[in-house]
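Data from upload.cif: mmCIF, C-alpha atoms and all ligand atoms
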data_input
loop_
_atom_site.label_atom_id
_atom_site.label_comp_id
_atom_site.auth_asym_id
_atom_site.auth_seq_id
_atom_site.Cartn_x
_atom_site.Cartn_y
_atom_site.Cartn_z
CA MET A 1 -10.80 -16.98 15.92
CA SER A 2 -9.60 -19.41 13.26
CA PHE A 3 -11.19 -21.00 10.23
CA ASN A 4 -10.56 -23.63 7.64
CA ILE A 5 -9.66 -22.39 4.17
CA LYS A 6 -9.24 -25.61 2.23
CA ASN A 7 -8.44 -29.20 3.20
CA ASN A 8 -5.71 -28.94 5.86
CA VAL A 9 -5.10 -25.21 5.58
CA HIS A 10 -6.36 -22.89 8.33
CA TRP A 11 -6.31 -19.15 8.96
CA VAL A 12 -4.89 -18.44 12.42
CA GLY A 13 -4.24 -14.69 12.23
CA LYS A 14 -5.64 -11.66 13.99
CA ILE A 15 -8.26 -9.18 12.81
CA ASP A 16 -7.27 -5.74 14.08
CA TRP A 17 -10.54 -3.82 14.25
CA GLU A 18 -8.96 -0.90 16.09
CA LEU A 19 -6.06 -0.13 13.77
CA GLU A 20 -6.12 3.48 12.57
CA ARG A 21 -2.46 4.08 11.73
CA PHE A 22 0.11 1.79 10.14
CA HIS A 23 3.86 2.14 9.55
CA GLY A 24 3.91 4.28 12.68
CA TYR A 25 1.63 7.18 11.79
CA GLU A 26 2.48 7.20 8.09
CA TYR A 27 -0.47 5.23 6.70
CA SER A 28 -4.11 5.64 7.68
CA THR A 29 -6.42 2.65 7.93
CA HIS A 30 -10.06 3.72 8.00
CA ARG A 31 -11.31 0.14 8.07
CA GLY A 32 -8.79 -1.56 10.37
CA SER A 33 -6.73 -4.45 9.03
CA SER A 34 -5.82 -8.05 9.65
CA TYR A 35 -2.54 -9.89 10.05
CA ASN A 36 -3.04 -13.20 8.30
CA SER A 37 -1.19 -16.23 9.50
CA TYR A 38 -1.80 -19.65 7.95
CA LEU A 39 -1.38 -23.11 9.46
CA ILE A 40 -0.94 -26.09 7.13
CA LYS A 41 -1.37 -29.49 8.77
CA GLU A 42 -0.18 -32.12 6.31
CA ASP A 43 2.20 -34.94 7.26
CA LYS A 44 4.36 -32.04 8.30
CA THR A 45 2.93 -28.93 9.91
CA ALA A 46 3.96 -25.50 8.66
CA LEU A 47 3.04 -22.05 9.95
CA ILE A 48 3.16 -19.17 7.48
CA ASP A 49 3.89 -15.78 9.08
CA THR A 50 2.69 -14.53 12.46
CA VAL A 51 1.03 -11.28 13.59
CA TRP A 52 1.96 -7.86 14.96
CA GLY A 53 3.67 -7.77 18.37
CA PRO A 54 0.83 -6.30 20.46
CA TYR A 55 -1.21 -9.42 19.69
CA LYS A 56 1.59 -11.95 20.23
CA LYS A 57 0.18 -13.61 23.35
CA GLU A 58 -3.32 -13.86 21.93
CA PHE A 59 -1.86 -15.27 18.71
CA VAL A 60 0.19 -17.96 20.40
CA GLU A 61 -2.67 -18.93 22.74
CA ASN A 62 -5.03 -19.31 19.77
CA LEU A 63 -2.42 -21.20 17.79
CA ALA A 64 -1.99 -23.65 20.67
CA LYS A 65 -5.72 -24.44 20.40
CA GLU A 66 -5.22 -25.38 16.74
CA THR A 67 -2.12 -27.49 17.15
CA ASP A 68 0.32 -28.66 19.76
CA LEU A 69 3.02 -26.00 19.29
CA GLY A 70 5.66 -28.68 19.51
CA LYS A 71 4.17 -30.29 16.41
CA ILE A 72 4.96 -27.29 14.22
CA ASP A 73 7.73 -28.57 11.97
CA TYR A 74 8.43 -25.41 10.00
CA VAL A 75 7.88 -21.68 10.36
CA ILE A 76 7.73 -19.85 7.04
CA ALA A 77 8.58 -16.17 7.41
CA ASN A 78 7.65 -14.55 4.10
CA HIS A 79 8.52 -11.06 5.29
CA ALA A 80 10.32 -9.66 8.31
CA GLU A 81 8.34 -6.45 8.84
CA PRO A 82 6.98 -6.45 12.41
CA ASP A 83 3.32 -6.66 11.44
CA HIS A 84 4.07 -10.25 10.34
CA SER A 85 7.00 -11.16 12.54
CA GLY A 86 6.13 -9.33 15.76
CA ALA A 87 4.81 -12.49 17.43
CA LEU A 88 7.81 -14.56 16.38
CA PRO A 89 9.84 -14.00 19.58
CA GLU A 90 6.88 -15.15 21.68
CA LEU A 91 6.29 -18.19 19.47
CA MET A 92 9.98 -19.14 19.40
CA ARG A 93 10.08 -19.03 23.19
CA HIS A 94 7.89 -22.15 23.00
CA ILE A 95 9.62 -23.82 20.03
CA PRO A 96 13.18 -22.43 20.02
CA ASP A 97 14.69 -25.07 17.71
CA THR A 98 12.01 -25.10 15.02
CA PRO A 99 13.45 -24.14 11.64
CA ILE A 100 12.46 -20.79 10.17
CA TYR A 101 12.47 -20.43 6.37
CA CYS A 102 13.16 -16.98 4.96
CA THR A 103 15.14 -15.22 2.24
CA LYS A 104 18.76 -14.11 2.60
CA ASN A 105 17.59 -10.55 3.19
CA GLY A 106 14.97 -11.86 5.60
CA LEU A 107 17.76 -13.37 7.67
CA LYS A 108 19.51 -9.98 7.87
CA SER A 109 16.30 -8.28 8.85
CA PHE A 110 15.27 -10.83 11.51
CA LYS A 111 18.71 -10.73 13.08
CA GLY A 112 18.75 -6.96 12.96
CA GLN A 113 15.40 -6.65 14.60
CA TYR A 114 15.30 -9.47 17.13
CA HIS A 115 18.98 -10.29 17.75
CA GLN A 116 18.23 -13.99 18.07
CA ASP A 117 20.13 -16.94 16.68
CA TRP A 118 17.10 -18.98 15.71
CA ASN A 119 17.38 -21.97 13.37
CA PHE A 120 17.20 -19.96 10.15
CA ASN A 121 17.12 -21.66 6.76
CA VAL A 122 17.64 -19.41 3.77
CA VAL A 123 15.58 -20.20 0.66
CA LYS A 124 15.61 -18.79 -2.84
CA THR A 125 13.27 -18.85 -5.82
CA GLY A 126 12.42 -22.39 -6.87
CA ASP A 127 13.35 -24.05 -3.59
CA THR A 128 10.72 -26.41 -2.22
CA LEU A 129 9.84 -27.79 1.17
CA SER A 130 8.00 -31.10 1.36
CA LEU A 131 5.05 -31.32 3.72
CA GLY A 132 4.34 -34.94 2.71
CA ASN A 133 2.06 -35.23 -0.29
CA LYS A 134 2.26 -31.49 -0.97
CA ASP A 135 5.12 -29.06 -1.27
CA LEU A 136 5.67 -25.44 -0.52
CA VAL A 137 7.42 -23.67 -3.40
CA PHE A 138 9.22 -20.41 -2.61
CA VAL A 139 9.50 -17.37 -4.85
CA GLU A 140 11.59 -14.37 -3.80
CA MET A 141 9.74 -11.07 -4.24
CA PRO A 142 12.41 -8.42 -3.64
CA MET A 143 10.89 -4.94 -3.31
CA LEU A 144 7.36 -6.25 -3.20
CA HIS A 145 7.59 -4.45 -1.04
CA TRP A 146 10.77 -4.94 1.01
CA PRO A 147 14.07 -6.46 -0.09
CA ASP A 148 13.35 -9.55 2.02
CA SER A 149 9.80 -10.28 0.79
CA MET A 150 8.88 -13.65 -0.67
CA LEU A 151 5.77 -15.66 -1.41
CA CYS A 152 5.12 -19.38 -1.25
CA TYR A 153 2.79 -21.67 -3.13
CA LEU A 154 1.18 -24.86 -1.84
CA THR A 155 1.01 -27.56 -4.49
CA GLY A 156 -2.03 -29.81 -4.51
CA ASP A 157 -4.27 -27.14 -2.98
CA SER A 158 -3.03 -24.46 -5.43
CA LEU A 159 -2.89 -21.74 -2.79
CA LEU A 160 -0.62 -18.73 -3.20
CA PHE A 161 0.52 -17.15 0.06
CA SER A 162 1.48 -13.76 -1.31
CA ASN A 163 2.27 -11.86 1.89
CA ASP A 164 1.80 -8.07 1.42
CA ALA A 165 1.24 -8.30 -2.34
CA PHE A 166 -2.49 -8.24 -3.19
CA GLY A 167 -3.30 -7.28 0.41
CA HIS A 168 -5.44 -4.46 1.75
CA HIS A 169 -6.01 -2.91 5.14
CA PHE A 170 -9.58 -3.94 5.72
CA ALA A 171 -11.03 -5.70 8.76
CA SER A 172 -13.98 -8.01 8.20
CA GLU A 173 -15.05 -11.30 9.73
CA LEU A 174 -16.24 -12.33 6.27
CA MET A 175 -12.58 -12.88 5.31
CA TYR A 176 -13.19 -13.52 1.59
CA THR A 177 -13.07 -10.79 -1.03
CA ASP A 178 -16.26 -12.02 -2.74
CA LEU A 179 -18.28 -11.55 0.45
CA VAL A 180 -17.42 -7.94 1.30
CA ASP A 181 -18.65 -4.66 -0.17
CA GLN A 182 -16.85 -4.45 -3.52
CA ALA A 183 -16.55 -0.66 -3.54
CA GLU A 184 -14.93 -0.69 -0.09
CA LEU A 185 -12.63 -3.51 -1.16
CA TYR A 186 -11.55 -1.67 -4.31
CA ALA A 187 -10.96 1.55 -2.36
CA GLU A 188 -8.67 -0.23 0.11
CA CYS A 189 -6.80 -2.17 -2.59
CA ILE A 190 -6.04 0.90 -4.70
CA LYS A 191 -5.07 2.93 -1.63
CA TYR A 192 -2.69 0.14 -0.58
CA TYR A 193 -1.15 -0.05 -4.05
CA ALA A 194 -0.88 3.74 -4.44
CA ASN A 195 0.73 4.34 -1.06
CA ILE A 196 2.90 1.25 -0.70
CA LEU A 197 3.64 -0.32 -4.06
CA THR A 198 3.78 2.58 -6.56
CA PRO A 199 7.58 3.04 -6.46
CA PHE A 200 8.08 -0.65 -7.16
CA SER A 201 5.73 -0.86 -10.15
CA PRO A 202 8.39 -2.03 -12.64
CA MET A 203 9.22 -4.88 -10.29
CA VAL A 204 5.52 -5.67 -9.80
CA THR A 205 5.10 -6.16 -13.54
CA LYS A 206 8.28 -8.21 -13.88
CA LYS A 207 7.55 -10.45 -10.92
CA ILE A 208 3.93 -11.07 -11.85
CA LYS A 209 4.98 -12.07 -15.35
CA GLU A 210 7.61 -14.38 -13.89
CA VAL A 211 5.07 -16.06 -11.59
CA LEU A 212 2.46 -16.33 -14.38
CA SER A 213 5.03 -17.95 -16.66
CA LEU A 214 5.20 -20.86 -14.20
CA ASN A 215 1.61 -21.70 -15.23
CA LEU A 216 0.72 -22.81 -11.75
CA PRO A 217 -2.94 -23.65 -11.15
CA LEU A 218 -4.38 -21.04 -8.81
CA ASP A 219 -7.32 -21.66 -6.53
CA MET A 220 -6.90 -18.84 -4.03
CA ILE A 221 -4.55 -15.99 -3.19
CA CYS A 222 -4.02 -15.70 0.54
CA PRO A 223 -2.40 -12.32 1.34
CA SER A 224 -1.10 -11.25 4.71
CA HIS A 225 -3.62 -8.40 5.11
CA GLY A 226 -7.34 -8.34 4.53
CA MET A 227 -9.46 -10.81 2.66
CA ILE A 228 -8.60 -14.00 0.77
CA TRP A 229 -9.12 -13.93 -3.00
CA ARG A 230 -11.04 -17.13 -3.85
CA ASP A 231 -13.47 -15.93 -6.54
CA HIS A 232 -11.44 -15.40 -9.72
CA PRO A 233 -8.23 -14.69 -7.80
CA GLU A 234 -6.59 -13.67 -11.06
CA GLN A 235 -8.71 -10.48 -10.95
CA ILE A 236 -6.34 -8.82 -8.48
CA ILE A 237 -3.31 -9.93 -10.52
CA GLU A 238 -4.83 -8.29 -13.62
CA GLN A 239 -5.63 -5.18 -11.59
CA TYR A 240 -2.04 -4.99 -10.31
CA LEU A 241 -0.75 -5.17 -13.89
CA LYS A 242 -2.98 -2.19 -14.78
CA TRP A 243 -1.94 -0.19 -11.73
CA ALA A 244 1.73 -0.96 -12.34
CA ASP A 245 1.50 0.36 -15.91
CA ASN A 246 1.53 4.11 -15.06
CA TYR A 247 -2.17 3.93 -14.22
CA GLN A 248 -4.24 7.06 -14.89
CA GLU A 249 -7.88 8.06 -14.95
CA ASN A 250 -9.31 11.16 -16.59
CA GLN A 251 -8.75 13.20 -13.45
CA ILE A 252 -6.95 16.37 -12.42
CA THR A 253 -6.30 16.81 -8.71
CA ILE A 254 -5.69 20.20 -7.12
CA ILE A 255 -4.09 20.11 -3.68
CA TYR A 256 -3.32 23.15 -1.58
CA ASP A 257 -3.02 24.69 1.83
CA THR A 258 -4.03 28.22 2.64
CA MET A 259 -3.51 30.76 5.43
CA TRP A 260 -6.15 33.44 4.81
CA ASN A 261 -8.13 31.77 2.02
CA GLY A 262 -6.31 33.50 -0.84
CA THR A 263 -4.70 30.30 -2.10
CA ARG A 264 -8.03 28.50 -1.65
CA LYS A 265 -9.71 31.02 -3.93
CA VAL A 266 -6.96 30.51 -6.50
CA ALA A 267 -7.46 26.72 -6.31
CA GLU A 268 -11.20 27.02 -6.82
CA SER A 269 -10.75 29.42 -9.73
CA ILE A 270 -8.27 27.09 -11.44
CA ALA A 271 -10.85 24.32 -11.07
CA LYS A 272 -13.49 26.50 -12.71
CA GLY A 273 -11.17 27.22 -15.61
CA ILE A 274 -10.44 23.51 -16.09
CA ARG A 275 -14.16 22.81 -16.14
CA GLU A 276 -14.69 25.45 -18.82
CA ALA A 277 -12.11 23.76 -21.00
CA ASP A 278 -13.11 20.16 -20.33
CA LYS A 279 -16.60 19.11 -19.26
CA GLU A 280 -15.64 15.46 -18.75
CA VAL A 281 -12.48 15.49 -16.70
CA ALA A 282 -12.93 14.82 -12.98
CA VAL A 283 -11.54 17.79 -11.05
CA LYS A 284 -10.94 17.18 -7.35
CA LEU A 285 -9.76 19.70 -4.76
CA TYR A 286 -8.18 18.84 -1.44
CA HIS A 287 -7.21 21.22 1.33
CA LEU A 288 -4.28 19.24 2.64
CA GLU A 289 -4.61 20.19 6.30
CA LYS A 290 -8.19 18.93 6.30
CA ARG A 291 -7.80 15.72 4.36
CA ASP A 292 -6.12 12.40 5.00
CA LYS A 293 -2.76 12.42 3.26
CA ASN A 294 -2.95 8.77 2.17
CA ASP A 295 -6.38 9.32 0.64
CA VAL A 296 -4.94 12.31 -1.20
CA ILE A 297 -2.03 10.19 -2.46
CA THR A 298 -4.57 7.71 -3.81
CA GLU A 299 -6.24 10.53 -5.75
CA ILE A 300 -2.85 11.66 -7.08
CA PHE A 301 -2.17 8.06 -8.16
CA LYS A 302 -5.41 8.14 -10.19
CA SER A 303 -4.68 11.53 -11.79
CA LYS A 304 -3.17 12.48 -15.10
CA ALA A 305 -2.19 15.87 -13.67
CA VAL A 306 -1.68 17.39 -10.24
CA ILE A 307 -1.73 21.10 -9.42
CA VAL A 308 -0.17 22.06 -6.10
CA GLY A 309 -0.58 25.33 -4.22
CA SER A 310 0.77 27.03 -1.14
CA PRO A 311 1.11 30.60 0.00
CA THR A 312 4.63 31.79 0.76
CA VAL A 313 5.53 31.77 4.44
CA ASN A 314 8.99 32.39 5.85
CA ARG A 315 10.27 32.30 2.26
CA GLY A 316 8.99 28.72 2.04
CA ILE A 317 5.78 26.70 1.82
CA LEU A 318 3.26 25.47 4.36
CA THR A 319 4.23 22.26 6.10
CA SER A 320 1.29 20.18 4.88
CA VAL A 321 2.35 20.93 1.30
CA ALA A 322 5.99 20.14 2.09
CA ALA A 323 4.89 16.80 3.56
CA ILE A 324 2.89 15.72 0.54
CA LEU A 325 5.70 16.79 -1.80
CA GLU A 326 8.05 14.54 0.18
CA MET A 327 5.60 11.65 -0.17
CA ILE A 328 5.24 12.33 -3.90
CA LYS A 329 9.02 12.28 -4.28
CA GLY A 330 9.31 8.87 -2.62
CA LEU A 331 6.47 7.30 -4.58
CA LYS A 332 8.09 7.98 -7.97
CA PHE A 333 4.94 8.61 -9.98
CA LYS A 334 5.48 8.53 -13.72
CA LYS A 335 3.91 10.26 -16.74
CA LYS A 336 2.02 12.88 -14.78
CA LYS A 337 1.75 16.58 -15.57
CA GLY A 338 2.07 19.22 -12.89
CA ALA A 339 1.66 22.89 -12.07
CA ALA A 340 2.21 25.17 -9.08
CA PHE A 341 0.31 28.13 -7.67
CA GLY A 342 0.12 30.27 -4.58
CA CYS A 343 -0.59 33.67 -3.07
CA TYR A 344 2.10 35.83 -1.56
CA GLY A 345 2.45 39.19 0.08
CA TRP A 346 6.15 39.99 -0.06
CA SER A 347 8.74 37.67 -1.52
CA GLY A 348 6.70 34.88 -3.20
CA GLU A 349 9.03 31.86 -3.28
CA SER A 350 6.36 29.18 -2.82
CA THR A 351 5.54 28.45 -6.45
CA LYS A 352 9.19 27.93 -7.43
CA ILE A 353 9.74 25.61 -4.47
CA ILE A 354 6.70 23.52 -5.43
CA SER A 355 7.51 23.51 -9.11
CA ASP A 356 11.13 22.48 -8.52
CA SER A 357 10.04 19.70 -6.20
CA LEU A 358 7.48 18.26 -8.61
CA GLU A 359 9.93 18.48 -11.48
CA ALA A 360 12.57 16.65 -9.45
CA SER A 361 9.93 14.01 -8.73
CA GLY A 362 9.47 13.38 -12.45
CA PHE A 363 6.43 15.53 -13.21
CA GLU A 364 6.23 17.28 -16.55
CA MET A 365 5.59 20.84 -15.42
CA ALA A 366 3.52 23.59 -17.00
CA ASP A 367 5.60 26.35 -18.57
CA ASP A 368 4.50 28.92 -15.99
CA VAL A 369 3.60 28.93 -12.34
CA LEU A 370 0.62 30.93 -11.11
CA LYS A 371 1.52 33.60 -8.55
CA VAL A 372 -1.09 35.90 -7.06
CA ASN A 373 -0.05 38.93 -5.03
CA TRP A 374 -2.18 39.41 -1.91
CA ASN A 375 -5.74 38.21 -1.82
CA PRO A 376 -7.05 37.67 -5.37
CA ASP A 377 -9.28 40.45 -6.73
CA ASP A 378 -11.66 40.04 -9.66
CA GLY A 379 -8.86 40.52 -12.16
CA SER A 380 -6.71 37.86 -10.48
CA ILE A 381 -9.63 35.45 -10.32
CA GLU A 382 -10.03 35.82 -14.09
CA LYS A 383 -6.32 35.10 -14.53
CA CYS A 384 -6.58 31.99 -12.35
CA MET A 385 -9.51 30.70 -14.37
CA ALA A 386 -7.59 31.35 -17.57
CA TYR A 387 -4.59 29.47 -16.13
CA GLY A 388 -6.79 26.45 -15.36
CA LYS A 389 -8.39 26.61 -18.78
CA GLU A 390 -5.06 26.73 -20.58
CA PHE A 391 -3.64 23.94 -18.43
CA ALA A 392 -6.56 21.66 -19.31
CA GLU A 393 -6.39 22.58 -23.00
CA ASN A 394 -2.70 21.70 -23.07
CA LEU A 395 -3.48 18.30 -21.57
CA ALA A 396 -5.94 17.41 -24.29
FE1 LIG A 401 5.46 -5.06 4.77
FE2 LIG A 401 2.46 -6.06 6.00
O1 LIG A 401 4.28 -5.60 6.07
#

As structure tokens - that is how I would like this structure written.
Ligand code: FEO
Amino acid sequence: MSFNIKNNVHWVGKIDWELERFHGYEYSTHRGSSYNSYLIKEDKTALIDTVWGPYKKEFVENLAKETDLGKIDYVIANHAEPDHSGALPELMRHIPDTPIYCTKNGLKSFKGQYHQDWNFNVVKTGDTLSLGNKDLVFVEMPMLHWPDSMLCYLTGDSLLFSNDAFGHHFASELMYTDLVDQAELYAECIKYYANILTPFSPMVTKKIKEVLSLNLPLDMICPSHGMIWRDHPEQIIEQYLKWADNYQENQITIIYDTMWNGTRKVAESIAKGIREADKEVAVKLYHLEKRDKNDVITEIFKSKAVIVGSPTVNRGILTSVAAILEMIKGLKFKKKKGAAFGCYGWSGESTKIISDSLEASGFEMADDVLKVNWNPDDGSIEKCMAYGKEFAENLA
């Protein structure tokens, strides 16, 4: 499959309908994904990015139907992560001397991964590459989302090839954001931002402002995953600026794991108490073992407060709770409130472990944790509701 985007620019990537897990098993993709590669056939021919390794032969065979491989003058490697560079070794087998344009960090990454001495050409922000009547302009995008990331802009056609930025894991043959279900598109975009870009939000804001200050005309944004933004492409830029600015909705998320349903009952009682105090706030509960962790992270991203619960086991916490706390630590959420709860039979360390972890991750914690000895009785349930009520009142 390939298609024309505009004038001499063609999509030559791969839609991955089967993808369920990304970054190993770390990121779930409920709607597949695509690896977008773009072929520009001006006086000079340039290929922007490739696809993931398992599709390398299919990619190169399809590419050869679009152009004589020997006629590719330049390979632009915006990002070295294997979902975009995995087919490079197969492609370079056919065109070993073709120059590859990447950032300085890209060079380190390509060499580290593929151990090849290809014809690398390091570019930096502001460098241009002439394709004849049009140029490619390069902009380094460090930490959006890897140190090596960059984007490039095609003058004349006003196309921004943004690589991972503004992407989404979403497979569709429609290939344009204005043609797909908008709710599904939004869900995938916010999940992608929450799980991948959150820790780099300050850099997102800075880099977007830098690119906007160039006042470049913008016809489309062509990311390396998902659909192309052609209808008001600035909409996703504006959305990124909102998400990067410590985004919050009026939502409190309660996440927990439970062994014999005691901690579940505590969670549900806290939710009831919150509801008593605030009829408008969205309260969402997730049993971590039963829910997709990346979907839960998206809900945390949207929340103004997060309440985390685990029973005590082996003087610690349940592993699903430990895993999400580790993810929360890495994602560096800002300006969120937190609280901890859990049932215990004997020693009862879980709430301190959770509270310490959230505090170390930058959460502003409630003054007290909520510990319930054994399975909650009616008196404990009342206390849990009161805890939720007070927590919500203190948020107001
Ligand atoms: Fe950072 Fe789509 O790879």

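Here the question is which of A:Gly388, A:Gly167, A:Pro54, A:Pro99 gets nearest to ligand LIG 401 (chain A) using only C-alpha atoms and all ligand atoms, and that residue is A:Gly167.
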
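Of note, atom CA of Asn105 of chain A and atom CA of Ala165 of chain A are spaced 17.4 Å apart.
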
Measuring between only C-alpha atoms and all ligand atoms, which one of A:Ala46, A:Ala87, A:Ile196, A:Val122 shows the shortest distance to ligand LIG 401 (chain A)? A:Ile196

Write out as a short mmCIF file (atom, residue, chain, number, x, y, z; two decimals) with C-alpha atoms, in the coordinates of the input each polymer residue (protein, DNA or RNA) that has an atom no more than 9 Å from ligand LIG 401 (chain A), with all atoms listed in the file counted.
data_model
loop_
_atom_site.label_atom_id
_atom_site.label_comp_id
_atom_site.auth_asym_id
_atom_site.auth_seq_id
_atom_site.Cartn_x
_atom_site.Cartn_y
_atom_site.Cartn_z
CA HIS A 23 3.86 2.14 9.55
CA TYR A 35 -2.54 -9.89 10.05
CA HIS A 79 8.52 -11.06 5.29
CA ALA A 80 10.32 -9.66 8.31
CA GLU A 81 8.34 -6.45 8.84
CA PRO A 82 6.98 -6.45 12.41
CA ASP A 83 3.32 -6.66 11.44
CA HIS A 84 4.07 -10.25 10.34
CA SER A 85 7.00 -11.16 12.54
CA LEU A 144 7.36 -6.25 -3.20
CA HIS A 145 7.59 -4.45 -1.04
CA TRP A 146 10.77 -4.94 1.01
CA SER A 149 9.80 -10.28 0.79
CA ASN A 163 2.27 -11.86 1.89
CA ASP A 164 1.80 -8.07 1.42
CA ALA A 165 1.24 -8.30 -2.34
CA GLY A 167 -3.30 -7.28 0.41
CA ILE A 196 2.90 1.25 -0.70
CA SER A 224 -1.10 -11.25 4.71
CA HIS A 225 -3.62 -8.40 5.11
#

Proximity of segment 150-236 of chain A to segment 58-78 of chain A: per-residue shortest pair, 8 Å limit, only C-alpha atoms, as JSON lines:
{"residue": "A:Met150", "atom": "CA", "partner": "A:Asn78", "partner_atom": "CA", "distance": 5.0}
{"residue": "A:Leu151", "atom": "CA", "partner": "A:Asn78", "partner_atom": "CA", "distance": 5.9}
{"residue": "A:Cys152", "atom": "CA", "partner": "A:Asn78", "partner_atom": "CA", "distance": 7.6}
{"residue": "A:Asn163", "atom": "CA", "partner": "A:Asn78", "partner_atom": "CA", "distance": 6.4}
